[in-house]
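Enquirer: Data file query-v2.txt (compact mmCIF, C-alpha atoms) is appended below.
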```
# COMPACT_ATOMS: atom_id res chain seq x y z
CA MET A 1 76.12 -21.73 -7.00
CA ASN A 2 75.47 -17.97 -6.87
CA ILE A 3 72.11 -18.52 -8.54
CA LEU A 4 71.19 -21.14 -5.92
CA TYR A 5 72.06 -18.76 -3.08
CA ALA A 6 69.96 -16.04 -4.68
CA VAL A 7 66.98 -18.39 -4.97
CA LEU A 8 67.36 -19.50 -1.35
CA VAL A 9 67.60 -15.90 -0.12
CA LEU A 10 64.51 -14.87 -2.09
CA GLY A 11 62.63 -17.90 -0.81
CA ALA A 12 63.57 -17.08 2.77
CA LEU A 13 62.50 -13.46 2.31
CA ALA A 14 59.17 -14.59 0.85
CA VAL A 15 58.55 -16.79 3.91
CA VAL A 16 59.47 -13.98 6.30
CA PHE A 17 57.32 -11.39 4.54
CA GLY A 18 54.46 -13.87 4.33
CA LEU A 19 54.61 -14.45 8.07
CA VAL A 20 54.76 -10.69 8.71
CA LEU A 21 51.68 -10.10 6.53
CA ALA A 22 49.80 -12.96 8.18
CA ILE A 23 50.53 -11.60 11.65
CA ALA A 24 49.63 -8.05 10.54
CA SER A 25 46.31 -9.24 9.12
CA LYS A 26 45.41 -10.71 12.48
CA VAL A 27 46.66 -7.78 14.54
CA PHE A 28 44.96 -5.12 12.41
CA GLU A 29 41.88 -7.17 11.45
CA VAL A 30 38.68 -5.14 11.41
CA LYS A 31 35.97 -7.20 13.01
CA SER A 32 32.77 -7.20 10.95
CA ASP A 33 29.36 -7.67 12.44
CA PRO A 34 28.14 -11.17 11.46
CA ARG A 35 24.63 -9.73 11.08
CA LEU A 36 25.77 -7.59 8.16
CA ALA A 37 26.06 -10.50 5.72
CA VAL A 38 22.68 -11.89 6.76
CA VAL A 39 20.92 -8.53 6.36
CA GLN A 40 22.53 -7.88 2.99
CA ASP A 41 21.47 -11.33 1.82
CA CYS A 42 17.86 -10.37 2.56
CA LEU A 43 18.04 -7.27 0.35
CA PRO A 44 17.21 -7.57 -3.38
CA GLY A 45 20.66 -6.47 -4.59
CA ALA A 46 19.27 -4.10 -7.23
CA ASN A 47 21.04 -1.07 -5.75
CA CYS A 48 18.05 1.03 -6.80
CA GLY A 49 18.55 3.72 -4.17
CA GLY A 50 14.89 3.65 -3.14
CA CYS A 51 15.95 3.38 0.50
CA GLY A 52 17.89 6.62 0.30
CA TYR A 53 21.28 4.92 0.44
CA PRO A 54 23.69 4.49 -2.50
CA GLY A 55 23.21 0.72 -2.63
CA CYS A 56 22.12 -2.42 -0.81
CA ALA A 57 25.46 -2.76 1.00
CA ALA A 58 25.14 0.76 2.42
CA CYS A 59 21.52 0.10 3.39
CA ALA A 60 22.49 -3.12 5.17
CA ALA A 61 25.29 -1.32 7.02
CA ALA A 62 22.87 1.40 8.14
CA ILE A 63 20.35 -1.16 9.37
CA VAL A 64 23.01 -3.02 11.36
CA ALA A 65 24.34 0.28 12.73
CA GLY A 66 20.83 1.19 13.86
CA THR A 67 20.66 4.36 11.76
CA ALA A 68 18.04 2.89 9.39
CA PRO A 69 14.88 0.93 10.24
CA VAL A 70 14.71 -2.78 9.49
CA ASN A 71 12.11 -2.04 6.78
CA ALA A 72 14.24 0.65 5.11
CA CYS A 73 14.32 -1.25 1.81
CA PRO A 74 11.13 -0.67 -0.20
CA GLY A 75 12.01 -3.63 -2.41
CA CYS A 76 12.10 -6.18 0.41
CA SER A 77 9.30 -8.70 0.68
CA GLY A 78 7.45 -9.01 3.97
CA GLU A 79 9.24 -12.31 4.58
CA ASN A 80 12.71 -10.82 4.13
CA THR A 81 11.84 -7.80 6.26
CA ALA A 82 10.73 -10.18 9.00
CA ARG A 83 14.06 -12.02 8.69
CA ILE A 84 15.97 -8.77 9.05
CA ALA A 85 13.88 -7.85 12.10
CA ALA A 86 14.62 -11.25 13.66
CA VAL A 87 18.36 -10.82 13.05
CA MET A 88 18.28 -7.36 14.60
CA GLY A 89 16.17 -8.54 17.51
CA VAL A 90 13.37 -6.05 16.99
CA GLU A 91 9.72 -6.15 15.99
CA VAL A 92 8.83 -4.82 12.57
CA THR A 93 5.88 -2.47 12.40
CA ALA A 94 3.53 -3.10 9.50
CA THR A 95 3.39 -0.11 7.18
CA GLU A 96 1.08 0.73 4.32
CA ARG A 97 2.42 -0.63 1.07
CA ARG A 98 2.65 1.98 -1.65
CA VAL A 99 3.29 1.71 -5.37
CA ALA A 100 3.94 3.98 -8.32
CA PHE A 101 1.03 5.05 -10.51
CA VAL A 102 1.02 6.79 -13.89
CA ARG A 103 -1.45 9.67 -13.95
CA CYS A 104 -2.16 9.44 -17.66
CA ASN A 105 -4.43 7.25 -19.73
CA GLY A 106 -4.26 9.06 -23.05
CA GLY A 107 -1.63 7.70 -25.41
CA SER A 108 -3.38 6.78 -28.65
CA ARG A 109 -6.49 8.63 -27.44
CA ALA A 110 -4.60 11.90 -27.17
CA GLY A 111 -3.81 14.24 -30.05
CA HIS A 112 -0.31 14.05 -31.55
CA LYS A 113 1.77 16.81 -33.10
CA PHE A 114 3.26 14.43 -35.67
CA GLU A 115 1.81 11.54 -37.62
CA LYS A 116 4.83 9.53 -36.52
CA TYR A 117 7.68 10.48 -34.21
CA VAL A 118 11.06 9.58 -35.65
CA GLY A 119 13.82 10.06 -33.16
CA VAL A 120 15.49 8.67 -30.06
CA ASP A 121 13.15 6.50 -27.99
CA ASP A 122 13.57 8.63 -24.92
CA CYS A 123 11.06 11.00 -23.34
CA VAL A 124 13.69 13.59 -22.39
CA ALA A 125 15.07 13.60 -25.94
CA ALA A 126 11.58 13.90 -27.44
CA MET A 127 10.82 16.90 -25.24
CA LYS A 128 13.98 18.64 -26.42
CA VAL A 129 13.19 17.98 -30.07
CA ALA A 130 9.49 18.80 -30.00
CA GLY A 131 9.31 21.53 -27.42
CA ASN A 132 7.11 19.97 -24.76
CA GLY A 133 6.82 16.55 -26.31
CA THR A 134 5.06 14.85 -29.17
CA LEU A 135 1.53 15.14 -27.74
CA ASP A 136 -0.95 18.00 -28.04
CA CYS A 137 -1.45 17.53 -24.30
CA ALA A 138 1.47 19.17 -22.53
CA PHE A 139 0.98 16.96 -19.47
CA GLY A 140 0.63 13.48 -20.97
CA CYS A 141 2.86 10.40 -20.90
CA LEU A 142 5.03 10.29 -24.02
CA GLY A 143 5.32 6.51 -23.91
CA LEU A 144 8.94 6.29 -25.04
CA GLY A 145 10.07 4.13 -22.14
CA THR A 146 12.45 6.31 -20.12
CA CYS A 147 10.70 5.10 -16.95
CA VAL A 148 10.81 1.50 -18.17
CA ARG A 149 14.57 1.62 -18.49
CA ALA A 150 14.90 3.26 -15.07
CA CYS A 151 12.99 0.48 -13.29
CA LYS A 152 15.25 -2.28 -11.96
CA PHE A 153 12.37 -4.58 -11.09
CA ASP A 154 10.62 -4.92 -14.49
CA ALA A 155 7.55 -3.33 -12.90
CA ILE A 156 6.61 -0.75 -15.54
CA HIS A 157 5.92 -1.20 -19.24
CA ILE A 158 4.35 0.67 -22.14
CA ASN A 159 0.83 -0.66 -22.71
CA ASP A 160 -1.02 -1.12 -25.98
CA ARG A 161 -2.25 2.49 -25.87
CA GLY A 162 1.31 3.80 -25.72
CA VAL A 163 1.19 4.81 -22.06
CA ALA A 164 3.44 3.65 -19.22
CA GLU A 165 1.62 1.30 -16.85
CA VAL A 166 2.81 -0.07 -13.50
CA ASP A 167 2.53 -3.70 -12.46
CA ARG A 168 1.58 -3.23 -8.81
CA ASP A 169 2.63 -6.67 -7.73
CA LYS A 170 6.18 -6.11 -9.00
CA CYS A 171 6.49 -2.47 -7.94
CA THR A 172 8.76 -1.90 -4.93
CA HIS A 173 8.01 1.82 -4.62
CA CYS A 174 11.63 2.79 -5.24
CA MET A 175 10.16 5.60 -7.42
CA LEU A 176 13.10 5.61 -9.83
CA CYS A 177 10.52 5.75 -12.61
CA ALA A 178 9.07 8.96 -11.16
CA ALA A 179 12.51 10.52 -10.92
CA ALA A 180 13.24 9.62 -14.56
CA CYS A 181 9.91 10.90 -15.96
CA PRO A 182 10.35 14.41 -17.44
CA LYS A 183 6.58 14.90 -17.44
CA LYS A 184 6.29 14.12 -13.71
CA VAL A 185 3.13 12.08 -14.25
CA ILE A 186 4.21 9.19 -12.01
CA VAL A 187 3.08 9.48 -8.40
CA SER A 188 2.88 7.37 -5.26
CA ILE A 189 -0.44 5.80 -4.23
CA PRO A 190 -1.48 3.09 -1.73
CA TYR A 191 -1.31 -0.45 -3.10
CA ALA A 192 -4.71 -1.18 -1.57
CA THR A 193 -6.58 1.53 -3.44
CA ASP A 194 -8.83 0.73 -6.36
CA ILE A 195 -10.08 4.20 -7.38
CA VAL A 196 -7.65 6.24 -9.49
CA VAL A 197 -7.59 9.40 -11.60
CA PRO A 198 -5.19 8.73 -14.50
CA CYS A 199 -4.83 12.31 -15.72
CA SER A 200 -2.41 15.15 -15.03
CA ASN A 201 -3.80 17.70 -17.49
CA HIS A 202 -4.12 21.18 -15.96
CA GLU A 203 -5.67 22.82 -19.00
CA LYS A 204 -9.17 24.25 -18.86
CA GLY A 205 -12.08 22.11 -19.97
CA ALA A 206 -12.41 22.98 -23.65
CA GLN A 207 -8.70 22.85 -24.32
CA ALA A 208 -8.20 19.64 -22.33
CA LYS A 209 -11.11 18.07 -24.21
CA ALA A 210 -9.62 19.07 -27.56
CA HIS A 211 -6.23 17.58 -26.72
CA CYS A 212 -7.32 14.22 -25.29
CA ALA A 213 -10.45 12.07 -25.45
CA VAL A 214 -10.08 10.91 -21.84
CA SER A 215 -8.77 14.03 -20.10
CA CYS A 216 -10.17 15.53 -16.93
CA ILE A 217 -12.07 18.72 -17.78
CA GLY A 218 -12.38 20.01 -14.22
CA CYS A 219 -16.18 19.85 -14.18
CA LYS A 220 -16.18 19.03 -10.43
CA LEU A 221 -19.03 16.52 -10.66
CA CYS A 222 -16.83 14.00 -8.85
CA GLU A 223 -16.02 16.53 -6.12
CA LYS A 224 -19.66 17.52 -5.63
CA ASN A 225 -20.89 13.94 -5.40
CA CYS A 226 -18.18 12.41 -3.18
CA PRO A 227 -19.83 11.76 0.23
CA ALA A 228 -16.47 11.52 1.97
CA GLY A 229 -14.98 14.70 0.54
CA ALA A 230 -12.07 12.62 -0.73
CA ILE A 231 -11.85 13.97 -4.26
CA THR A 232 -11.19 17.58 -5.16
CA VAL A 233 -10.45 19.49 -8.34
CA THR A 234 -7.37 21.70 -8.18
CA ASP A 235 -5.83 23.44 -11.18
CA ASN A 236 -8.51 21.88 -13.42
CA VAL A 237 -7.71 18.26 -12.56
CA ALA A 238 -9.24 15.91 -9.99
CA SER A 239 -7.13 14.26 -7.31
CA ILE A 240 -7.96 11.82 -4.52
CA ASP A 241 -7.12 12.06 -0.82
CA TYR A 242 -6.70 8.37 -0.07
CA SER A 243 -6.87 8.95 3.68
CA LYS A 244 -10.53 9.85 3.14
CA CYS A 245 -11.48 7.65 0.17
CA THR A 246 -13.87 4.79 1.00
CA SER A 247 -13.83 3.28 -2.51
CA CYS A 248 -17.58 3.82 -2.83
CA GLY A 249 -17.13 4.35 -6.59
CA ILE A 250 -19.63 7.24 -6.89
CA CYS A 251 -17.00 9.43 -8.57
CA VAL A 252 -16.47 6.68 -11.15
CA THR A 253 -20.13 6.71 -12.14
CA LYS A 254 -20.45 10.50 -12.11
CA CYS A 255 -17.43 11.31 -14.28
CA PRO A 256 -18.80 12.32 -17.72
CA ARG A 257 -15.45 11.53 -19.35
CA LYS A 258 -15.26 8.02 -17.88
CA LEU A 259 -11.80 9.03 -16.75
CA ILE A 260 -11.94 7.94 -13.11
CA LEU A 261 -11.33 4.21 -12.94
CA ASN A 262 -12.12 1.43 -10.53
CA LEU A 263 -9.19 -0.95 -11.01
CA THR A 264 -11.03 -3.78 -9.32
CA ASP A 265 -13.82 -3.57 -11.89
CA ASN A 266 -11.19 -3.64 -14.61
CA GLY A 267 -9.77 -6.84 -13.18
CA LYS A 268 -6.32 -5.36 -12.70
CA VAL A 269 -5.90 -5.49 -8.95
CA ALA A 270 -7.75 -6.62 -5.89
CA PRO A 271 -7.77 -4.03 -3.08
CA VAL A 272 -5.84 -6.12 -0.58
CA ALA A 273 -3.20 -4.37 1.52
CA VAL A 274 0.12 -6.15 1.89
CA ALA A 275 2.04 -5.11 4.99
CA ARG A 276 5.79 -4.63 4.86
```
Transcribe the structure of this file into structure tokens.

Expert:
Amino acid sequence: MNILYAVLVLGALAVVFGLVLAIASKVFEVKSDPRLAVVQDCLPGANCGGCGYPGCAACAAAIVAGTAPVNACPGCSGENTARIAAVMGVEVTATERRVAFVRCNGGSRAGHKFEKYVGVDDCVAAMKVAGNGTLDCAFGCLGLGTCVRACKFDAIHINDRGVAEVDRDKCTHCMLCAAACPKKVIVSIPYATDIVVPCSNHEKGAQAKAHCAVSCIGCKLCEKNCPAGAITVTDNVASIDYSKCTSCGICVTKCPRKLILNLTDNGKVAPVAVAR
């Protein structure tokens, strides 16, 4: 009988406490904005941090709170950005799409310190073991895939020359690859551009030439022949001001090293801007 009373008392207490908790959950319920779930559903869920927030949930919360723009996520497609704008009741302003680009085209065409590197497949590790890396060129891509592992969108891979290469159509411009690259050869460029300078070598002509078969030697022929003044040579390497570049391709034809590339001619990308 005592056992029965104990069971009944415990059962009654469970019912009472359950009712108290149910009432408390209603009284102290924190109302969530119904837009939050919709906005978060539009985000890719990769938590890449490209938006500047620690994850997609934080980005969604900032958008709903009005402290971040509706196109804060660089990984969002134009369709999903439009959905977020509709939920928030605002108009989304089209912005220039940008992607990551690897300013190196050497790889197997560059000189190597060792016949074969045997070690951890990591660029940071290789730099620590071999001073400034395994290449004669102190500014070249090491091709060991640190950037590949950093990318959450499968947008960068090591090509057949042993150099990291970005798939523009997959790239979301989160720039995690650039942050991971110890050589700092990954930069941001407009998606719509077709003229690129895949070299970061700052050595003087003779030395750059000795270290890589496709390096920029700072001859300035591209700079002298550009009618728009869009390409300049600074610290022995050419760079393009895309706000001035007209994609005329004169620099491509004038470069004696055949370093400057027209990606459209190579069949890699059509210069079509995609608004976000």

Enquirer: Do you know which residues lie at most 6 Å from (1.1, 6.9, -23.4), with coordinates as in the file and only C-alpha atoms counted, and could you write them as a PyMOL selection string?

Expert: chain A and resi 106-107+141-143+162-164

Enquirer: Enter the distance from CA of Ala100 (chain A) to CA of Cys181 (chain A), in Å, rounded to one decimal.

Expert: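 One can read the CA of Ala100 (chain A) to CA of Cys181 (chain A) distance as 11.9 Å.
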
Enquirer: Within 12 Å of (13.4, -12.1, 6.6) (coordinates as in the file), grab all the protein and nucleic acid residues, counting all atoms listed in the file, and write them out as a CSV table (one decimal) with C-alpha atoms, keeping the file's coordinate frame.

Expert:
```csv
chain,number,residue,atom,x,y,z
A,38,VAL,CA,22.7,-11.9,6.8
A,39,VAL,CA,20.9,-8.5,6.4
A,40,GLN,CA,22.5,-7.9,3.0
A,41,ASP,CA,21.5,-11.3,1.8
A,42,CYS,CA,17.9,-10.4,2.6
A,43,LEU,CA,18.0,-7.3,0.4
A,44,PRO,CA,17.2,-7.6,-3.4
A,70,VAL,CA,14.7,-2.8,9.5
A,71,ASN,CA,12.1,-2.0,6.8
A,73,CYS,CA,14.3,-1.2,1.8
A,76,CYS,CA,12.1,-6.2,0.4
A,77,SER,CA,9.3,-8.7,0.7
A,78,GLY,CA,7.4,-9.0,4.0
A,79,GLU,CA,9.2,-12.3,4.6
A,80,ASN,CA,12.7,-10.8,4.1
A,81,THR,CA,11.8,-7.8,6.3
A,82,ALA,CA,10.7,-10.2,9.0
A,83,ARG,CA,14.1,-12.0,8.7
A,84,ILE,CA,16.0,-8.8,9.0
A,85,ALA,CA,13.9,-7.8,12.1
A,86,ALA,CA,14.6,-11.2,13.7
A,87,VAL,CA,18.4,-10.8,13.0
A,88,MET,CA,18.3,-7.4,14.6
A,89,GLY,CA,16.2,-8.5,17.5
A,91,GLU,CA,9.7,-6.2,16.0
A,92,VAL,CA,8.8,-4.8,12.6
A,276,ARG,CA,5.8,-4.6,4.9
```

Enquirer: If we count only C-alpha atoms, what is near Leu176 (chain A) at a cut-off of 7 Å, once residues fewer than 2 positions away on the same chain are taken out, given as a ChimeraX atom specification?

Expert: /A:150-151,174,178-180

Enquirer: As AutoDock Vina command-line options, what would the box around region 214-227 of chain A look like: edges along x, y and z, 5 Å added on every side, centre and edge lengths in Å to one decimal?

Expert:
```
--center_x -14.8 --center_y 15.5 --center_z -10.8 --size_x 22.1 --size_y 19.1 --size_z 32.1
```

Enquirer: Rounded to one decimal in Å, what is the spacing between CA of Cys245 (chain A) and CA of Thr264 (chain A)?

Expert: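 Separating CA of Cys245 (chain A) from CA of Thr264 (chain A) is a distance of 14.9 Å.
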
Enquirer: Of the residues A:Lys184, A:His202, A:Lys170, A:Arg35, which is the one nearest to Val64 (chain A), using only C-alpha atoms?

Expert: A:Arg35

Enquirer: When you draw a straight line from CA of Tyr53 (chain A) to CA of Ala68 (chain A), how long is it in Å?

Expert: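 Separation of CA of Tyr53 (chain A) and CA of Ala68 (chain A): 9.7 Å.
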
Enquirer: From the options A:Thr146, A:Ser243, A:Gln207, A:Ser108, which residue's atoms come nearest to Thr193 (chain A), counting all atoms listed in the file?

Expert: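 Of the candidates, the smallest distance to Thr193 (chain A) is held by A:Ser243.
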
Enquirer: Near region 132-137 of chain A, within 8 Å and counting only C-alpha atoms, which residues show up once chain neighbours fewer than 4 positions away are dropped, as a list in words?

Expert: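 Skipping anything fewer than 4 positions along the chain leaves Ala110, Gly111, His112, Lys113, Phe114, Tyr117, Cys123, Ala126, Met127, Lys128, Leu142, Asn201, Ala208, His211 and Cys212 of chain A.
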
Enquirer: Which residues are near Thr234 (chain A)? Cut-off 12 Å, only C-alpha atoms, ignore same chain within fewer than 4 positions. Put them as a PDB file with C-alpha atoms, in the frame of the given file.

Expert:
```pdb
ATOM      1  CA  SER A 200      -2.410  15.150 -15.030  1.00  0.00           C
ATOM      2  CA  ASN A 201      -3.800  17.700 -17.490  1.00  0.00           C
ATOM      3  CA  HIS A 202      -4.120  21.180 -15.960  1.00  0.00           C
ATOM      4  CA  GLU A 203      -5.670  22.820 -19.000  1.00  0.00           C
ATOM      5  CA  LYS A 204      -9.170  24.250 -18.860  1.00  0.00           C
ATOM      6  CA  CYS A 216     -10.170  15.530 -16.930  1.00  0.00           C
ATOM      7  CA  ILE A 217     -12.070  18.720 -17.780  1.00  0.00           C
ATOM      8  CA  GLY A 218     -12.380  20.010 -14.220  1.00  0.00           C
ATOM      9  CA  CYS A 219     -16.180  19.850 -14.180  1.00  0.00           C
ATOM     10  CA  LYS A 220     -16.180  19.030 -10.430  1.00  0.00           C
ATOM     11  CA  GLU A 223     -16.020  16.530  -6.120  1.00  0.00           C
ATOM     12  CA  ALA A 238      -9.240  15.910  -9.990  1.00  0.00           C
ATOM     13  CA  SER A 239      -7.130  14.260  -7.310  1.00  0.00           C
ATOM     14  CA  ILE A 240      -7.960  11.820  -4.520  1.00  0.00           C
TER      15      ILE A 240
END
```
